$ cat structure.csv   # CSV, C-alpha atoms
chain,number,residue,atom,x,y,z
A,1,ASP,CA,39.1,-2.0,-74.5
A,2,THR,CA,37.9,1.2,-76.0
A,3,GLU,CA,34.6,1.5,-74.2
A,4,VAL,CA,33.0,4.9,-73.3
A,5,THR,CA,29.6,4.6,-71.8
A,6,GLN,CA,26.8,7.2,-71.6
A,7,THR,CA,23.6,7.4,-69.7
A,8,PRO,CA,20.7,7.9,-70.3
A,9,LYS,CA,20.3,6.8,-73.9
A,10,HIS,CA,17.3,9.0,-74.4
A,11,LEU,CA,16.1,12.1,-72.5
A,12,VAL,CA,13.0,14.2,-73.0
A,13,MET,CA,12.9,17.4,-70.9
A,14,GLY,CA,10.9,20.5,-70.7
A,15,MET,CA,12.4,24.0,-70.9
A,16,THR,CA,12.2,24.5,-67.2
A,17,ASN,CA,13.7,21.1,-66.2
A,18,LYS,CA,17.1,20.4,-64.8
A,19,LYS,CA,18.8,17.2,-65.9
A,20,SER,CA,22.2,15.7,-66.2
A,21,LEU,CA,24.0,13.5,-68.7
A,22,LYS,CA,26.7,11.1,-67.5
A,23,CYS,CA,29.8,9.7,-69.2
A,24,GLU,CA,32.2,7.1,-68.0
A,25,GLN,CA,35.4,5.5,-69.2
A,26,HIS,CA,37.8,3.2,-67.4
A,27,MET,CA,40.7,3.2,-69.9
A,28,GLY,CA,42.8,5.6,-68.0
A,29,HIS,CA,42.4,8.4,-70.6
A,30,ARG,CA,43.1,11.8,-69.2
A,31,ALA,CA,41.3,13.9,-71.8
A,32,MET,CA,37.5,13.8,-72.1
A,33,TYR,CA,35.1,15.7,-74.4
A,34,TRP,CA,31.5,16.7,-74.8
A,35,TYR,CA,30.2,17.2,-78.3
A,36,LYS,CA,26.8,18.1,-79.7
A,37,GLN,CA,25.7,16.5,-83.0
A,38,LYS,CA,22.8,17.3,-85.3
A,39,ALA,CA,21.6,14.7,-87.9
A,40,LYS,CA,24.2,13.9,-90.6
A,41,LYS,CA,26.4,16.8,-89.4
A,42,PRO,CA,29.8,16.5,-87.8
A,43,PRO,CA,30.1,16.6,-84.0
A,44,GLU,CA,30.5,20.1,-82.6
A,45,LEU,CA,33.0,20.4,-79.8
A,46,MET,CA,31.5,21.9,-76.6
A,47,PHE,CA,34.0,21.2,-73.8
A,48,VAL,CA,37.4,19.6,-73.2
A,49,TYR,CA,38.7,18.3,-69.8
A,50,SER,CA,42.3,17.5,-69.5
A,51,TYR,CA,43.5,15.9,-66.3
A,52,GLU,CA,40.1,16.7,-64.7
A,53,LYS,CA,40.5,20.4,-65.5
A,54,LEU,CA,38.4,22.3,-68.0
A,55,SER,CA,40.8,23.3,-70.8
A,56,ILE,CA,38.4,24.3,-73.6
A,57,ASN,CA,35.0,25.9,-73.5
A,58,GLU,CA,33.8,26.5,-77.1
A,59,SER,CA,31.7,29.5,-76.1
A,60,VAL,CA,28.9,27.2,-75.0
A,61,PRO,CA,25.8,28.9,-73.4
A,62,SER,CA,25.7,28.8,-69.6
A,63,ARG,CA,22.6,26.6,-69.6
A,64,PHE,CA,25.1,23.8,-70.2
A,65,SER,CA,27.4,23.2,-67.3
A,66,PRO,CA,30.1,20.5,-67.4
A,67,GLU,CA,31.7,18.8,-64.4
A,68,CYS,CA,34.5,16.3,-64.1
A,69,PRO,CA,34.2,14.6,-60.6
A,70,ASN,CA,37.2,12.3,-61.3
A,71,SER,CA,39.3,11.0,-64.1
A,72,SER,CA,36.7,8.4,-65.1
A,73,LEU,CA,33.6,10.5,-65.0
A,74,LEU,CA,32.2,13.4,-66.9
A,75,ASN,CA,28.8,15.0,-66.4
A,76,LEU,CA,26.9,17.6,-68.3
A,77,HIS,CA,24.3,19.5,-66.3
A,78,LEU,CA,21.4,20.9,-68.3
A,79,HIS,CA,19.1,23.8,-67.2
A,80,ALA,CA,16.6,25.9,-69.0
A,81,LEU,CA,17.3,24.4,-72.4
A,82,GLN,CA,15.7,25.6,-75.6
A,83,PRO,CA,14.1,23.4,-78.3
A,84,GLU,CA,17.1,24.1,-80.6
A,85,ASP,CA,19.3,22.3,-78.1
A,86,SER,CA,17.6,19.0,-79.1
A,87,ALA,CA,20.5,16.8,-80.5
A,88,LEU,CA,22.7,13.8,-79.9
A,89,TYR,CA,25.2,14.6,-77.1
A,90,LEU,CA,28.3,12.6,-77.4
A,91,CYS,CA,31.1,12.1,-74.9
A,92,ALA,CA,34.6,11.1,-76.0
A,93,SER,CA,37.9,10.2,-74.4
A,94,ARG,CA,41.3,10.4,-75.8
A,95,SER,CA,44.4,8.1,-75.7
A,96,ASP,CA,47.4,9.7,-77.2
A,97,PHE,CA,46.0,10.9,-80.5
A,98,ARG,CA,42.9,8.7,-80.8
A,99,GLN,CA,39.4,9.9,-79.6
A,100,TYR,CA,36.8,7.3,-78.9
A,101,PHE,CA,33.1,8.2,-78.7
A,102,GLY,CA,30.4,7.0,-76.4
A,103,PRO,CA,27.0,5.9,-77.8
A,104,GLY,CA,25.5,9.3,-77.1
A,105,THR,CA,22.4,10.6,-75.4
A,106,ARG,CA,19.5,11.6,-77.7
A,107,LEU,CA,18.1,14.7,-76.1
A,108,THR,CA,14.7,16.2,-76.9
A,109,VAL,CA,13.7,19.5,-75.5
A,110,LEU,CA,10.0,20.3,-75.6
B,1,GLY,CA,41.0,29.5,-88.6
B,2,GLU,CA,41.5,25.9,-89.1
B,3,ASN,CA,39.2,24.3,-91.7
B,4,VAL,CA,38.7,20.9,-93.3
B,5,GLU,CA,36.8,20.5,-96.5
B,6,GLN,CA,35.3,17.1,-97.5
B,7,HIS,CA,34.1,15.9,-100.8
B,8,PRO,CA,31.8,14.6,-102.1
B,9,SER,CA,28.9,15.2,-99.7
B,10,THR,CA,27.0,12.1,-101.0
B,11,LEU,CA,28.4,9.1,-102.9
B,12,SER,CA,26.5,6.2,-104.3
B,13,VAL,CA,28.3,3.1,-105.6
B,14,GLN,CA,27.4,-0.5,-106.6
B,15,GLU,CA,28.4,-3.3,-104.3
B,16,GLY,CA,31.9,-4.4,-105.1
B,17,ASP,CA,33.0,-1.1,-106.5
B,18,SER,CA,35.5,1.2,-104.9
B,19,ALA,CA,34.7,4.4,-103.1
B,20,VAL,CA,37.0,7.4,-102.5
B,21,ILE,CA,36.4,10.3,-100.2
B,22,LYS,CA,38.7,13.3,-100.2
B,23,CYS,CA,39.6,16.0,-97.6
B,24,THR,CA,41.6,19.1,-97.7
B,25,TYR,CA,42.9,20.9,-94.5
B,26,SER,CA,44.1,24.4,-94.1
B,27,ASP,CA,46.6,24.2,-91.1
B,28,SER,CA,49.9,23.1,-92.4
B,29,ALA,CA,50.9,22.2,-88.9
B,30,SER,CA,48.2,19.4,-88.7
B,31,ASN,CA,49.8,16.1,-87.9
B,32,TYR,CA,47.0,13.6,-87.2
B,33,PHE,CA,44.2,12.6,-89.5
B,34,PRO,CA,41.4,10.2,-88.4
B,35,TRP,CA,38.4,8.9,-90.3
B,36,TYR,CA,35.2,8.1,-88.5
B,37,LYS,CA,32.2,6.0,-89.8
B,38,GLN,CA,28.8,6.7,-88.3
B,39,GLU,CA,25.9,4.4,-89.0
B,40,LEU,CA,22.4,5.7,-88.5
B,41,GLY,CA,21.6,6.1,-84.8
B,42,LYS,CA,25.1,4.9,-83.8
B,43,ARG,CA,28.3,6.6,-82.4
B,44,PRO,CA,31.1,7.8,-84.7
B,45,GLN,CA,33.5,4.9,-84.9
B,46,LEU,CA,37.2,5.4,-85.6
B,47,ILE,CA,38.0,3.2,-88.6
B,48,ILE,CA,41.5,4.3,-89.6
B,49,ASP,CA,43.9,7.1,-88.9
B,50,ILE,CA,47.2,8.4,-90.1
B,51,ARG,CA,50.0,10.6,-88.8
B,52,SER,CA,51.9,13.1,-90.8
B,53,ASN,CA,55.1,11.1,-90.9
B,54,VAL,CA,53.3,8.3,-92.9
B,55,GLY,CA,52.1,8.6,-96.5
B,56,GLU,CA,49.7,5.7,-96.6
B,57,LYS,CA,48.1,3.2,-94.3
B,58,LYS,CA,46.0,0.2,-95.1
B,59,ASP,CA,43.7,-2.0,-93.0
B,60,GLN,CA,42.0,-4.8,-95.0
B,61,ARG,CA,39.5,-3.1,-97.4
B,62,ILE,CA,40.2,0.5,-96.2
B,63,ALA,CA,43.2,2.7,-96.8
B,64,VAL,CA,44.1,6.3,-96.2
B,65,THR,CA,46.6,8.3,-98.2
B,66,LEU,CA,48.2,11.6,-97.1
B,67,ASN,CA,49.7,14.3,-99.3
B,68,LYS,CA,51.3,16.9,-97.0
B,69,THR,CA,52.5,19.1,-99.8
B,70,ALA,CA,49.0,19.5,-101.2
B,71,LYS,CA,47.4,19.3,-97.7
B,72,HIS,CA,44.9,16.7,-98.6
B,73,PHE,CA,44.1,13.1,-97.5
B,74,SER,CA,41.8,10.5,-98.8
B,75,LEU,CA,39.9,7.4,-97.7
B,76,HIS,CA,39.7,4.5,-100.1
B,77,ILE,CA,37.3,1.6,-99.6
B,78,THR,CA,37.6,-1.3,-101.9
B,79,GLU,CA,35.1,-4.1,-102.7
B,80,THR,CA,32.3,-2.1,-101.0
B,81,GLN,CA,29.6,-4.0,-99.2
B,82,PRO,CA,26.1,-2.8,-98.2
B,83,GLU,CA,27.3,-2.6,-94.6
B,84,ASP,CA,29.7,0.1,-95.6
B,85,SER,CA,26.7,2.4,-96.1
B,86,ALA,CA,27.1,5.2,-93.5
B,87,VAL,CA,28.2,8.8,-93.0
B,88,TYR,CA,32.0,9.2,-93.1
B,89,PHE,CA,33.8,12.1,-91.4
B,90,CYS,CA,37.4,13.1,-91.9
B,91,ALA,CA,39.2,15.2,-89.3
B,92,ALA,CA,42.5,16.9,-88.7
B,93,ARG,CA,44.4,17.9,-85.5
B,94,GLY,CA,46.9,20.6,-85.5
B,95,PHE,CA,50.4,20.2,-83.9
B,96,TYR,CA,49.9,23.2,-81.6
B,97,ASN,CA,46.3,22.2,-80.9
B,98,GLN,CA,45.3,22.6,-77.3
B,99,GLY,CA,43.3,19.7,-75.8
B,100,GLY,CA,43.5,17.5,-78.9
B,101,LYS,CA,40.7,19.3,-80.7
B,102,LEU,CA,39.7,17.7,-83.9
B,103,ILE,CA,38.5,19.8,-86.9
B,104,PHE,CA,35.9,17.7,-88.7
B,105,GLY,CA,34.9,17.8,-92.4
B,106,GLN,CA,31.2,18.1,-93.2
B,107,GLY,CA,30.7,14.4,-93.9
B,108,THR,CA,30.1,12.1,-96.8
B,109,GLU,CA,27.0,10.0,-97.0
B,110,LEU,CA,28.0,6.7,-98.7
B,111,SER,CA,25.3,4.5,-100.1
B,112,VAL,CA,26.3,1.0,-101.4
B,113,LYS,CA,23.6,-0.5,-103.5
B,114,PRO,CA,23.4,-4.3,-103.6
$ encode --input "structure.csv" --output "structure tokens"
Amino acid sequence: DTEVTQTPKHLVMGMTNKKSLKCEQHMGHRAMYWYKQKAKKPPELMFVYSYEKLSINESVPSRFSPECPNSSLLNLHLHALQPEDSALYLCASRSDFRQYFGPGTRLTVL
Amino acid sequence: GENVEQHPSTLSVQEGDSAVIKCTYSDSASNYFPWYKQELGKRPQLIIDIRSNVGEKKDQRIAVTLNKTAKHFSLHITETQPEDSAVYFCAARGFYNQGGKLIFGQGTELSVKP
């Protein structure tokens, strides 16, 4: 099973809202990722968690705050976003070399 | 820094023809090369991958070849079908890469015409 799940599927928020994205995997993978993707562009890496610790932050603005409560869960907390942050947010987990993506959350910031 | 170039950016073929997408990487220490297919509105799906100790890998109608000397790798799709229409991304991972970070190419939009 290579299933990574994400909720919600769609999210519309205003610039003053606080919201969270959730990602879950039960494959025992110890590395999890957040990506941002614009239409027909490659995924852009935001954060990497390895063994529940943040190992890579790709200079992401502080209005995005990741959290890894346990080895199966990954959250992305959103606050004071800008319209240009509207995108597909993808979570992924890694087994050995292979990364598997979740279905993504389509975020619209008004 | 690490870079992956992917060509062409768009590719249109007739159903039944073959399609080839090429990528070139800059980091000679790269040792893992996956290919993802992304249909409209869907997640990137890993369709095939190759490690640096292998020159070619095949899975039904798709194959990947790797030339380490030239630092390029290619995706070959034979007997294309309309359902092969999607954006394809190549990627590379460096041997010394922290966290398993993938460097993606810019993508190829493949259109298979019936």
$ residues_around --input "structure.csv" --residues "Asn31 of chain B" --least-positions-apart "3" --cutoff "9 Å" --atoms "all atoms listed in the file" --output "VMD selection string"
chain B and resid 28 50 to 53 92 to 95
$ write_last_selection --input "structure.csv" --atoms "C-alpha atoms" --output "PDB file, keeping the file's coordinate frame"
ATOM      1  CA  SER B  28      49.900  23.100 -92.400  1.00  0.00           C
ATOM      2  CA  ILE B  50      47.200   8.400 -90.100  1.00  0.00           C
ATOM      3  CA  ARG B  51      50.000  10.600 -88.800  1.00  0.00           C
ATOM      4  CA  SER B  52      51.900  13.100 -90.800  1.00  0.00           C
ATOM      5  CA  ASN B  53      55.100  11.100 -90.900  1.00  0.00           C
ATOM      6  CA  ALA B  92      42.500  16.900 -88.700  1.00  0.00           C
ATOM      7  CA  ARG B  93      44.400  17.900 -85.500  1.00  0.00           C
ATOM      8  CA  GLY B  94      46.900  20.600 -85.500  1.00  0.00           C
ATOM      9  CA  PHE B  95      50.400  20.200 -83.900  1.00  0.00           C
TER      10      PHE B  95
END
$ interface_residues --input "structure.csv" --of "chain A" --to "chain B" --cutoff "9 Å" --atoms "only C-alpha atoms" --output "list in words"
Ala31, Lys40, Lys41, Pro42, Pro43, Glu44, Leu45, Val48, Tyr49, Ser50, Ser55, Ile56, Leu90, Arg94, Asp96, Phe97, Arg98, Gln99, Tyr100, Phe101, Gly102, Pro103 and Gly104 of chain A
$ closest_atom_pairs --input "structure.csv" --of "segment 19-40 of chain A" --to "segment 60-66 of chain A" --cutoff "12 Å" --atoms "only C-alpha atoms" --output "tab-separated table"
residue	atom	partner	partner_atom	distance
A:Lys19	CA	A:Phe64	CA	10.1
A:Ser20	CA	A:Ser65	CA	9.2
A:Leu21	CA	A:Pro66	CA	9.4
A:Lys22	CA	A:Pro66	CA	10.0
A:Cys23	CA	A:Pro66	CA	11.0
A:Met32	CA	A:Pro66	CA	11.0
A:Tyr33	CA	A:Pro66	CA	9.9
A:Trp34	CA	A:Pro66	CA	8.4
A:Tyr35	CA	A:Val60	CA	10.6
A:Lys36	CA	A:Val60	CA	10.5
$ atom_distance --input "structure.csv" --atom1 "atom CA of Ala19 of chain B" --atom2 "atom CA of Glu56 of chain B"
16.4 Å
$ atom_distance --input "structure.csv" --atom1 "atom CA of Thr108 of chain A" --atom2 "atom CA of Thr16 of chain A"
13.0 Å
$ atom_distance --input "structure.csv" --atom1 "atom CA of Thr24 of chain B" --atom2 "atom CA of Gly55 of chain B"
14.9 Å
$ residues_around --input "structure.csv" --residues "segment 70-76 of chain B" --least-positions-apart "5" --cutoff "9 Å" --atoms "all atoms listed in the file" --output "compact mmCIF listing (two decimals) with C-alpha atoms, in the coordinates of the input"
# COMPACT_ATOMS: atom_id res chain seq x y z
CA SER B 18 35.50 1.20 -104.90
CA ALA B 19 34.70 4.40 -103.10
CA VAL B 20 37.00 7.40 -102.50
CA ILE B 21 36.40 10.30 -100.20
CA LYS B 22 38.70 13.30 -100.20
CA CYS B 23 39.60 16.00 -97.60
CA THR B 24 41.60 19.10 -97.70
CA TYR B 25 42.90 20.90 -94.50
CA SER B 26 44.10 24.40 -94.10
CA ASP B 27 46.60 24.20 -91.10
CA SER B 28 49.90 23.10 -92.40
CA PHE B 33 44.20 12.60 -89.50
CA TRP B 35 38.40 8.90 -90.30
CA ILE B 48 41.50 4.30 -89.60
CA ARG B 61 39.50 -3.10 -97.40
CA ILE B 62 40.20 0.50 -96.20
CA ALA B 63 43.20 2.70 -96.80
CA VAL B 64 44.10 6.30 -96.20
CA THR B 65 46.60 8.30 -98.20
CA CYS B 90 37.40 13.10 -91.90
$ residues_near_point --input "structure.csv" --point "(12.2, 27.3, -73.0)" --cutoff "8 Å" --atoms "only C-alpha atoms" --output "ChimeraX atom specification"
/A:14-16,80-83,110
$ closest_residue --input "structure.csv" --among "A:Leu54, A:Leu76, A:Cys68, A:Ala87" --to "Val109 of chain A" --atoms "all atoms listed in the file"
A:Ala87
$ decode --input "structure.csv" --residues "segment 13-43 of chain A" --atoms "N, CA and C atoms" --output "tab-separated table (two decimals), in the first residue's frame"
chain	number	residue	atom	x	y	z
A	13	MET	N	-9.72	30.48	1.85
A	13	MET	CA	-9.53	31.24	3.07
A	13	MET	C	-9.20	32.69	2.75
A	14	GLY	N	-9.57	33.55	3.68
A	14	GLY	CA	-9.22	34.95	3.57
A	14	GLY	C	-7.83	35.19	4.12
A	15	MET	N	-7.30	36.36	3.85
A	15	MET	CA	-5.93	36.67	4.23
A	15	MET	C	-5.73	36.77	5.74
A	16	THR	N	-6.84	36.92	6.50
A	16	THR	CA	-6.70	37.02	7.95
A	16	THR	C	-7.01	35.71	8.67
A	17	ASN	N	-7.40	34.70	7.90
A	17	ASN	CA	-7.78	33.42	8.51
A	17	ASN	C	-6.58	32.61	8.97
A	18	LYS	N	-6.87	31.67	9.89
A	18	LYS	CA	-5.91	30.63	10.26
A	18	LYS	C	-6.54	29.28	9.91
A	19	LYS	N	-5.80	28.49	9.19
A	19	LYS	CA	-6.29	27.16	8.82
A	19	LYS	C	-5.14	26.18	8.87
A	20	SER	N	-5.47	24.89	8.82
A	20	SER	CA	-4.44	23.84	8.82
A	20	SER	C	-4.73	22.80	7.76
A	21	LEU	N	-3.66	22.31	7.15
A	21	LEU	CA	-3.73	21.18	6.23
A	21	LEU	C	-3.19	19.95	6.96
A	22	LYS	N	-3.79	18.81	6.64
A	22	LYS	CA	-3.40	17.58	7.32
A	22	LYS	C	-2.98	16.52	6.32
A	23	CYS	N	-1.96	15.76	6.68
A	23	CYS	CA	-1.44	14.67	5.85
A	23	CYS	C	-1.23	13.45	6.74
A	24	GLU	N	-1.56	12.28	6.20
A	24	GLU	CA	-1.43	11.06	6.99
A	24	GLU	C	-0.92	9.92	6.11
A	25	GLN	N	-0.02	9.11	6.69
A	25	GLN	CA	0.43	7.90	6.00
A	25	GLN	C	0.64	6.82	7.06
A	26	HIS	N	0.30	5.59	6.71
A	26	HIS	CA	0.43	4.46	7.63
A	26	HIS	C	1.31	3.38	7.01
A	27	MET	N	2.33	3.83	6.29
A	27	MET	CA	3.24	2.88	5.64
A	27	MET	C	4.53	2.73	6.41
A	28	GLY	N	4.64	3.43	7.53
A	28	GLY	CA	5.86	3.34	8.33
A	28	GLY	C	7.02	4.15	7.77
A	29	HIS	N	6.70	5.05	6.80
A	29	HIS	CA	7.75	5.89	6.23
A	29	HIS	C	8.22	6.90	7.26
A	30	ARG	N	9.53	7.16	7.32
A	30	ARG	CA	10.05	8.04	8.35
A	30	ARG	C	10.43	9.42	7.81
A	31	ALA	N	10.23	9.64	6.54
A	31	ALA	CA	10.46	10.96	5.95
A	31	ALA	C	9.18	11.44	5.30
A	32	MET	N	8.81	12.70	5.61
A	32	MET	CA	7.58	13.28	5.05
A	32	MET	C	7.88	14.68	4.57
A	33	TYR	N	7.15	15.10	3.55
A	33	TYR	CA	7.47	16.33	2.82
A	33	TYR	C	6.20	17.18	2.60
A	34	TRP	N	6.40	18.49	2.56
A	34	TRP	CA	5.40	19.40	2.04
A	34	TRP	C	5.95	20.07	0.79
A	35	TYR	N	5.09	20.09	-0.25
A	35	TYR	CA	5.41	20.76	-1.50
A	35	TYR	C	4.30	21.74	-1.84
A	36	LYS	N	4.66	22.76	-2.61
A	36	LYS	CA	3.70	23.69	-3.20
A	36	LYS	C	3.81	23.53	-4.72
A	37	GLN	N	2.66	23.48	-5.40
A	37	GLN	CA	2.70	23.31	-6.84
A	37	GLN	C	1.73	24.25	-7.55
A	38	LYS	N	2.25	24.99	-8.52
A	38	LYS	CA	1.43	25.80	-9.41
A	38	LYS	C	1.14	24.97	-10.65
A	39	ALA	N	0.09	25.37	-11.38
A	39	ALA	CA	-0.39	24.60	-12.53
A	39	ALA	C	0.71	24.33	-13.55
A	40	LYS	N	0.87	23.06	-13.89
A	40	LYS	CA	1.81	22.58	-14.92
A	40	LYS	C	3.27	22.89	-14.60
A	41	LYS	N	3.56	23.23	-13.34
A	41	LYS	CA	4.93	23.44	-12.89
A	41	LYS	C	5.33	22.30	-11.97
A	42	PRO	N	6.63	22.08	-11.80
A	42	PRO	CA	7.04	21.01	-10.90
A	42	PRO	C	6.73	21.36	-9.45
A	43	PRO	N	6.59	20.36	-8.60
A	43	PRO	CA	6.41	20.63	-7.16
A	43	PRO	C	7.64	21.34	-6.62
